[in-house]
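Asks: Input query_9.cif, format and content: mmCIF, C-alpha atoms.
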data_entry
loop_
_atom_site.label_atom_id
_atom_site.label_comp_id
_atom_site.auth_asym_id
_atom_site.auth_seq_id
_atom_site.Cartn_x
_atom_site.Cartn_y
_atom_site.Cartn_z
CA MET A 1028 249.95 111.96 160.26
CA GLN A 1029 247.49 112.72 163.02
CA ARG A 1030 247.07 116.25 161.75
CA SER A 1031 246.50 114.99 158.24
CA MET A 1032 243.86 112.55 159.46
CA SER A 1033 242.19 115.30 161.38
CA LEU A 1034 242.10 117.53 158.32
CA GLN A 1035 240.74 114.69 156.27
CA SER A 1036 238.02 113.99 158.85
CA CYS A 1037 237.19 117.66 158.95
CA ALA A 1038 236.94 117.82 155.16
CA LEU A 1039 234.71 114.78 155.10
CA ALA A 1040 232.48 116.14 157.81
CA LEU A 1041 232.25 119.49 156.03
CA GLY A 1042 231.46 117.74 152.76
CA ALA A 1043 228.68 115.80 154.40
CA LEU A 1044 227.37 118.95 156.02
CA LEU A 1045 227.37 120.87 152.75
CA ALA A 1046 225.76 117.98 150.93
CA SER A 1047 222.99 117.79 153.50
CA SER A 1048 222.50 121.57 153.29
CA ILE A 1049 222.23 121.35 149.53
CA VAL A 1050 219.75 118.51 149.80
CA ALA A 1051 217.75 120.48 152.34
CA ALA A 1052 217.80 123.57 150.14
CA GLU A 1053 216.92 121.76 146.95
CA GLY A 1054 214.50 119.14 148.24
CA PRO A 1055 210.80 119.89 148.64
CA SER A 1056 209.73 121.62 151.83
CA PRO A 1057 207.26 119.93 154.19
CA ALA A 1058 204.54 122.18 152.70
CA GLU A 1059 205.47 121.21 149.15
CA ARG A 1060 205.52 117.56 150.12
CA ALA A 1061 202.09 117.85 151.74
CA ILE A 1062 200.66 119.48 148.60
CA GLU A 1063 202.29 116.90 146.35
CA TYR A 1064 200.86 114.14 148.54
CA ARG A 1065 197.37 115.68 148.40
CA LYS A 1066 197.50 115.95 144.62
CA ALA A 1067 198.61 112.33 144.44
CA VAL A 1068 195.66 111.23 146.58
CA TYR A 1069 193.26 113.04 144.25
CA THR A 1070 195.00 111.70 141.14
CA VAL A 1071 194.44 108.18 142.49
CA ILE A 1072 190.81 109.02 143.29
CA GLY A 1073 190.27 110.49 139.82
CA GLY A 1074 192.06 107.62 138.12
CA ASN A 1075 189.68 105.18 139.75
CA PHE A 1076 186.45 107.15 139.70
CA GLY A 1077 187.01 108.18 136.07
CA PRO A 1078 186.13 104.75 134.66
CA VAL A 1079 183.06 104.57 136.93
CA GLY A 1080 181.99 107.99 135.67
CA ALA A 1081 182.46 106.77 132.10
CA VAL A 1082 180.06 103.89 132.78
CA LEU A 1083 177.64 106.34 134.37
CA GLN A 1084 177.74 108.54 131.28
CA GLY A 1085 177.24 105.57 128.97
CA LYS A 1086 180.76 106.00 127.53
CA ALA A 1087 181.97 102.59 128.71
CA PRO A 1088 180.24 99.25 129.26
CA TYR A 1089 179.38 98.17 132.79
CA ASN A 1090 181.95 95.70 134.11
CA ALA A 1091 180.89 94.46 137.54
CA ALA A 1092 184.35 93.47 138.81
CA ASP A 1093 185.98 96.65 137.60
CA VAL A 1094 183.28 98.95 138.94
CA ARG A 1095 183.42 97.25 142.32
CA VAL A 1096 187.20 97.38 142.78
CA ARG A 1097 187.29 101.01 141.66
CA ALA A 1098 184.48 101.98 144.00
CA GLU A 1099 186.30 100.28 146.88
CA ARG A 1100 189.45 102.19 146.05
CA VAL A 1101 187.68 105.54 145.91
CA ALA A 1102 186.00 104.79 149.25
CA PHE A 1103 189.36 103.85 150.76
CA MET A 1104 191.06 106.94 149.35
CA ALA A 1105 188.34 109.17 150.82
CA GLY A 1106 189.93 108.53 154.20
CA LEU A 1107 193.30 109.69 152.92
CA ALA A 1108 191.80 112.76 151.25
CA ALA A 1109 190.18 113.89 154.49
CA GLU A 1110 193.63 114.01 156.11
CA ALA A 1111 195.40 115.64 153.19
CA PHE A 1112 194.80 119.26 154.14
CA PRO A 1113 197.21 120.02 156.97
CA ASP A 1114 197.65 123.68 157.88
CA ILE A 1115 201.12 123.77 156.35
CA SER A 1116 199.60 123.04 152.92
CA LYS A 1117 197.44 126.19 152.76
CA THR A 1118 199.69 128.05 150.36
CA GLY A 1119 201.90 127.02 147.48
CA ASP A 1120 201.28 125.33 144.13
CA THR A 1121 197.72 124.34 144.99
CA LYS A 1122 194.15 125.00 143.91
CA ALA A 1123 192.93 124.42 147.46
CA LYS A 1124 190.95 127.51 148.45
CA PRO A 1125 191.52 129.29 151.79
CA GLU A 1126 187.88 128.49 152.67
CA ILE A 1127 189.05 124.93 153.46
CA TRP A 1128 190.76 126.31 156.53
CA THR A 1129 188.30 129.09 157.35
CA ASP A 1130 184.98 127.27 156.74
CA THR A 1131 186.15 124.12 158.50
CA ALA A 1132 182.59 122.96 159.26
CA GLY A 1133 181.57 123.35 155.61
CA PHE A 1134 184.68 121.57 154.43
CA GLN A 1135 184.23 118.74 156.89
CA LYS A 1136 180.66 118.33 155.63
CA ALA A 1137 181.93 118.16 152.04
CA MET A 1138 184.51 115.52 152.98
CA GLU A 1139 181.88 113.54 154.83
CA ALA A 1140 179.70 113.62 151.71
CA LEU A 1141 182.56 111.93 149.84
CA ALA A 1142 182.97 109.29 152.55
CA THR A 1143 179.21 108.67 152.84
CA SER A 1144 178.54 108.50 149.11
CA THR A 1145 181.50 106.23 148.36
CA THR A 1146 180.62 103.90 151.25
CA ALA A 1147 177.00 103.78 150.04
CA LEU A 1148 178.18 102.86 146.54
CA VAL A 1149 180.43 100.10 147.87
CA ASP A 1150 177.56 98.79 150.02
CA LEU A 1151 175.17 98.75 147.07
CA LEU A 1152 177.68 96.86 144.93
CA LYS A 1153 177.80 94.07 147.52
CA THR A 1154 174.27 93.08 146.55
CA ASP A 1155 173.57 94.77 143.20
CA GLN A 1156 176.26 94.31 140.57
CA THR A 1157 174.28 95.51 137.59
CA ASP A 1158 174.00 98.71 135.61
CA SER A 1159 170.83 99.48 137.55
CA ALA A 1160 169.07 102.72 138.35
CA ALA A 1161 170.26 102.23 141.94
CA PHE A 1162 173.88 102.01 140.72
CA LYS A 1163 173.45 105.12 138.61
CA ALA A 1164 171.98 106.98 141.56
CA ALA A 1165 174.70 105.85 143.99
CA ALA A 1166 177.57 106.53 141.59
CA GLY A 1167 175.94 109.82 140.65
CA LYS A 1168 175.99 110.85 144.29
CA VAL A 1169 179.73 110.22 144.44
CA GLY A 1170 180.16 112.46 141.40
CA GLU A 1171 178.01 115.11 143.06
CA SER A 1172 180.09 114.97 146.22
CA CYS A 1173 183.25 115.53 144.12
CA LYS A 1174 181.67 118.43 142.24
CA GLY A 1175 180.10 119.93 145.34
CA CYS A 1176 183.45 120.12 147.11
CA HIS A 1177 185.36 121.34 144.04
CA ASP A 1178 182.80 124.08 143.33
CA LYS A 1179 183.18 125.42 146.84
CA PHE A 1180 186.74 124.63 147.86
CA LYS A 1181 188.84 124.25 144.70
CA ALA A 1182 189.98 127.16 142.56
CA LYS A 1183 189.30 126.92 138.81
CA MET B 1375 167.95 135.59 108.38
CA GLN B 1376 168.26 131.92 107.54
CA ARG B 1377 171.68 132.49 106.05
CA SER B 1378 172.79 134.43 109.08
CA MET B 1379 171.55 131.64 111.37
CA SER B 1380 173.37 129.12 109.26
CA LEU B 1381 176.60 131.07 109.45
CA GLN B 1382 176.17 131.44 113.16
CA SER B 1383 175.60 127.69 113.58
CA CYS B 1384 178.63 127.03 111.43
CA ALA B 1385 180.76 129.40 113.49
CA LEU B 1386 179.57 127.81 116.70
CA ALA B 1387 180.28 124.31 115.42
CA LEU B 1388 183.71 125.36 114.22
CA GLY B 1389 184.41 127.02 117.55
CA ALA B 1390 183.44 123.86 119.40
CA LEU B 1391 185.58 121.78 117.06
CA LEU B 1392 188.60 124.02 117.52
CA ALA B 1393 188.12 124.12 121.26
CA SER B 1394 187.96 120.33 121.42
CA SER B 1395 191.06 120.07 119.21
CA ILE B 1396 192.91 122.46 121.47
CA VAL B 1397 191.84 120.49 124.52
CA ALA B 1398 192.89 117.26 122.85
CA ALA B 1399 196.24 118.71 121.82
CA GLU B 1400 196.99 120.28 125.17
CA GLY B 1401 195.60 117.66 127.54
CA PRO B 1402 197.75 114.76 128.69
CA SER B 1403 197.85 111.67 126.48
CA PRO B 1404 196.68 108.30 127.81
CA ALA B 1405 200.37 107.40 128.32
CA GLU B 1406 201.05 110.61 130.24
CA ARG B 1407 197.96 110.04 132.35
CA ALA B 1408 199.05 106.47 133.11
CA ILE B 1409 202.50 107.67 134.18
CA GLU B 1410 201.03 110.47 136.29
CA TYR B 1411 198.70 107.96 137.93
CA ARG B 1412 201.57 105.59 138.67
CA LYS B 1413 203.64 108.36 140.23
CA ALA B 1414 200.65 109.35 142.34
CA VAL B 1415 200.23 105.78 143.59
CA TYR B 1416 203.89 105.71 144.66
CA THR B 1417 203.68 109.18 146.22
CA VAL B 1418 200.80 107.90 148.36
CA ILE B 1419 202.79 104.77 149.23
CA GLY B 1420 205.86 106.82 150.13
CA GLY B 1421 203.83 109.35 152.08
CA ASN B 1422 202.46 106.57 154.24
CA PHE B 1423 205.48 104.30 154.52
CA GLY B 1424 207.78 107.26 155.25
CA PRO B 1425 206.53 107.71 158.83
CA VAL B 1426 206.78 103.94 159.43
CA GLY B 1427 210.34 104.02 158.14
CA ALA B 1428 211.09 106.92 160.48
CA VAL B 1429 209.91 104.80 163.43
CA LEU B 1430 212.02 101.92 162.15
CA GLN B 1431 215.08 104.15 162.02
CA GLY B 1432 214.45 105.52 165.49
CA LYS B 1433 213.73 108.99 164.10
CA ALA B 1434 210.13 109.07 165.32
CA PRO B 1435 208.38 107.53 168.33
CA TYR B 1436 206.24 104.43 167.85
CA ASN B 1437 202.55 105.36 167.65
CA ALA B 1438 200.47 102.20 167.44
CA ALA B 1439 197.40 103.73 165.77
CA ASP B 1440 199.44 105.69 163.25
CA VAL B 1441 201.71 102.78 162.35
CA ARG B 1442 198.73 100.52 161.87
CA VAL B 1443 196.70 102.82 159.63
CA ARG B 1444 199.76 103.63 157.53
CA ALA B 1445 200.65 99.97 157.14
CA GLU B 1446 197.08 99.22 156.04
CA ARG B 1447 197.27 101.99 153.47
CA VAL B 1448 200.57 100.77 152.05
CA ALA B 1449 199.18 97.24 151.83
CA PHE B 1450 196.07 98.53 150.06
CA MET B 1451 198.10 100.67 147.67
CA ALA B 1452 200.29 97.66 146.76
CA GLY B 1453 197.32 96.38 144.78
CA LEU B 1454 197.10 99.63 142.85
CA ALA B 1455 200.86 99.70 142.23
CA ALA B 1456 200.79 96.25 140.68
CA GLU B 1457 198.33 97.50 138.06
CA ALA B 1458 200.08 100.79 137.41
CA PHE B 1459 202.44 99.62 134.68
CA PRO B 1460 200.32 99.27 131.54
CA ASP B 1461 202.21 98.85 128.26
CA ILE B 1462 201.33 102.37 127.16
CA SER B 1463 203.32 103.76 130.11
CA LYS B 1464 206.68 102.30 129.04
CA THR B 1465 208.10 105.55 127.73
CA GLY B 1466 207.74 109.18 128.73
CA ASP B 1467 208.58 111.16 131.85
CA THR B 1468 209.21 108.08 133.96
CA LYS B 1469 212.02 106.33 135.83
CA ALA B 1470 210.40 102.97 135.17
CA LYS B 1471 213.05 100.80 133.49
CA PRO B 1472 212.32 98.78 130.32
CA GLU B 1473 213.10 95.62 132.34
CA ILE B 1474 209.65 95.95 133.90
CA TRP B 1475 208.18 94.94 130.56
CA THR B 1476 210.92 92.56 129.45
CA ASP B 1477 211.62 90.70 132.73
CA THR B 1478 207.93 90.32 133.53
CA ALA B 1479 208.50 87.32 135.82
CA GLY B 1480 211.14 89.20 137.81
CA PHE B 1481 208.94 92.28 138.06
CA GLN B 1482 205.93 90.26 139.13
CA LYS B 1483 208.05 88.66 141.84
CA ALA B 1484 209.14 92.11 143.04
CA MET B 1485 205.53 93.31 143.14
CA GLU B 1486 204.50 90.17 145.01
CA ALA B 1487 207.24 90.89 147.57
CA LEU B 1488 205.58 94.25 148.21
CA ALA B 1489 202.15 92.67 148.59
CA THR B 1490 203.43 89.84 150.80
CA SER B 1491 205.56 92.03 153.06
CA THR B 1492 202.87 94.68 153.54
CA THR B 1493 200.20 92.05 154.25
CA ALA B 1494 202.53 90.38 156.77
CA LEU B 1495 203.10 93.72 158.51
CA VAL B 1496 199.35 94.40 158.70
CA ASP B 1497 198.77 90.88 160.05
CA LEU B 1498 201.44 91.31 162.71
CA LEU B 1499 199.96 94.64 163.80
CA LYS B 1500 196.64 92.93 164.50
CA THR B 1501 198.21 91.16 167.47
CA ASP B 1502 201.45 93.01 168.23
CA GLN B 1503 201.13 96.78 168.47
CA THR B 1504 204.48 97.51 170.03
CA ASP B 1505 207.87 98.63 168.85
CA SER B 1506 209.00 95.02 168.99
CA ALA B 1507 211.73 93.14 167.18
CA ALA B 1508 208.96 91.44 165.19
CA PHE B 1509 207.62 94.84 164.10
CA LYS B 1510 211.10 95.99 163.11
CA ALA B 1511 211.62 92.81 161.11
CA ALA B 1512 208.23 93.02 159.37
CA ALA B 1513 208.51 96.74 158.58
CA GLY B 1514 212.11 96.19 157.51
CA LYS B 1515 210.94 93.60 155.00
CA VAL B 1516 208.57 96.15 153.48
CA GLY B 1517 211.47 98.57 153.11
CA GLU B 1518 213.55 95.83 151.54
CA SER B 1519 210.81 95.03 149.05
CA CYS B 1520 210.70 98.73 148.05
CA LYS B 1521 214.49 98.90 147.69
CA GLY B 1522 214.73 95.55 145.94
CA CYS B 1523 212.29 96.64 143.24
CA HIS B 1524 213.77 100.13 142.87
CA ASP B 1525 217.32 98.79 142.55
CA LYS B 1526 216.27 96.54 139.72
CA PHE B 1527 213.43 98.32 137.98
CA LYS B 1528 213.73 102.05 138.69
CA ALA B 1529 216.30 104.34 137.08
CA LYS B 1530 218.37 106.55 139.39
#
Let me see the structure of the file written as structure tokens.
Replies:
Amino acid sequence: MQRSMSLQSCALALGALLASSIVAAEGPSPAERAIEYRKAVYTVIGGNFGPVGAVLQGKAPYNAADVRVRAERVAFMAGLAAEAFPDISKTGDTKAKPEIWTDTAGFQKAMEALATSTTALVDLLKTDQTDSAAFKAAAGKVGESCKGCHDKFKAK
Amino acid sequence: MQRSMSLQSCALALGALLASSIVAAEGPSPAERAIEYRKAVYTVIGGNFGPVGAVLQGKAPYNAADVRVRAERVAFMAGLAAEAFPDISKTGDTKAKPEIWTDTAGFQKAMEALATSTTALVDLLKTDQTDSAAFKAAAGKVGESCKGCHDKFKAK
């Protein structure tokens, strides 16, 4: 009986071990998770800046409440984006260019442009909630900060 | 010359038309984009709550600054999650269950549990930045709100 229990315990332990090995082998690696996380951050940024860009391009009407909440989200997400390029995420299924990790000063400047431009847009919207020239300029600067970074640090 | 110009214009216009058709056919549909956006929102939530959960489970040391910023992010993202289930995103490559759109009161309650529990955690962390029983309880409630919603509204 004791021997049988022992065998059973052993089998269970082995099963658990194998299962965890399989999970480890099949699950995403820390690098893959970091890249997936980064893409998610940018998908959320794009999903919220997209409608602001549409207003900017005259493709959608200006909606003060919507523009404001989306601008706040993009500004908030800028902080997450800046942290989404850990060393482990250099290679893999990513369009992030190696220059991100070699030209760290240039990349930091590009990330700061995103933070500065999105904060400026949010600040403007606290007092000016109209489709004004100032709004167009501030939102345009956010778009430029996106494009500036992509041109330099994102593969086509 | 005029005829040649005309043909050229026609060819260019046709080329542009075909290119736009190809883009339209190959690009993601609004439903696919909505589902991708939703998944991204939850990836960002998971990527930030994960380390808090690790502290909760004793798998990582308590780091006050890290716990706080991650809790703030999860609380912020709760607002985006609540809006990430538009009708167009009911079907497709998603684990979102139909009950989300049929049991709207139940789903709203589950989303409110996420908002309430994450806000409570952020509020606690304003005064208590230690690995206290109160922290464990508040962070545990966030985990419960995740699990509660997934059990009911997310396919395995």
Asks: At a cut-off of 10 Å, using only C-alpha atoms, what residues contact Ala1512 (chain B)? Leave out same-chain residues fewer than 6 positions from it and give the result as number ranges by chain.
Replies: B: 1491-1499, 1506, 1518
Asks: Grab the CA of Ala1182 (chain A) to CA of Ala1123 (chain A) distance for me, in Å with one decimal place.
Replies: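 Between CA of Ala1182 (chain A) and CA of Ala1123 (chain A) the gap works out to 6.3 Å.
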Asks: Could you write out as a list in words the residues that the PyMOL selection byres ((chain A) within 8 of (chain B)) matches in the shown file?
Replies: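 When the PyMOL selection byres ((chain A) within 8 of (chain B)) is applied, the selected residues are Glu1063, Tyr1064, Lys1066, Ala1067, Val1068, Thr1070, Val1071 and Gly1074 of chain A.
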Asks: Could the residues in this selection be written to a file with C-alpha atoms, as a PDB file, keeping the file's coordinate frame?
Replies:
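Dumped everything to part-v2.pdb:
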ATOM      1  CA  GLU A1063     202.290 116.900 146.350  1.00  0.00           C
ATOM      2  CA  TYR A1064     200.860 114.140 148.540  1.00  0.00           C
ATOM      3  CA  LYS A1066     197.500 115.950 144.620  1.00  0.00           C
ATOM      4  CA  ALA A1067     198.610 112.330 144.440  1.00  0.00           C
ATOM      5  CA  VAL A1068     195.660 111.230 146.580  1.00  0.00           C
ATOM      6  CA  THR A1070     195.000 111.700 141.140  1.00  0.00           C
ATOM      7  CA  VAL A1071     194.440 108.180 142.490  1.00  0.00           C
ATOM      8  CA  GLY A1074     192.060 107.620 138.120  1.00  0.00           C
TER       9      GLY A1074
END
Asks: Hey, can you check how far CA of Lys1163 (chain A) sits from CA of Asp1178 (chain A)?
Replies: 21.7 Å
Asks: One decimal, in Å: what's the spacing between CA of Thr1118 (chain A) and CA of Glu1059 (chain A)?
Replies: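 If I compute the distance from CA of Thr1118 (chain A) to CA of Glu1059 (chain A), I get 9.0 Å.
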Asks: Leaving out Trp1475 (chain B) and any residue of its chain fewer than 6 positions from it, which residues lie within 12 Å of it when counting only C-alpha atoms, given as a list of chain:residue names?
Replies: B:Phe1459, B:Pro1460, B:Asp1461, B:Ile1462, B:Ser1463, B:Lys1464, B:Thr1465, B:Phe1481, B:Gln1482, B:Phe1527
Asks: Around all of region 1097-1115 of chain A's listed atoms, make the axis-aligned box with 6 Å on each side and tell me centre and edge lengths in Å to one decimal, as JSON.
Replies:
{"center_x": 192.8, "center_y": 112.0, "center_z": 149.8, "size_x": 28.6, "size_y": 35.5, "size_z": 28.2}
Asks: Between B:Ala1511, B:Leu1488, B:Cys1523, B:Val1516, which has the minimum distance to Ala1452 (chain B) (counting all atoms listed in the file)?
Replies: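 The closest residue to Ala1452 (chain B) is B:Leu1488.
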Asks: With all atoms listed in the file as the counted atoms, please give the residues lying no more than 9 Å from region 1426-1434 of chain B, apart from itself and same-chain residues fewer than 2 positions off, as a PyMOL selection string.
Replies: chain B and resi 1422-1424+1436-1437+1440-1441+1444-1445+1505+1509-1510+1513-1514+1517
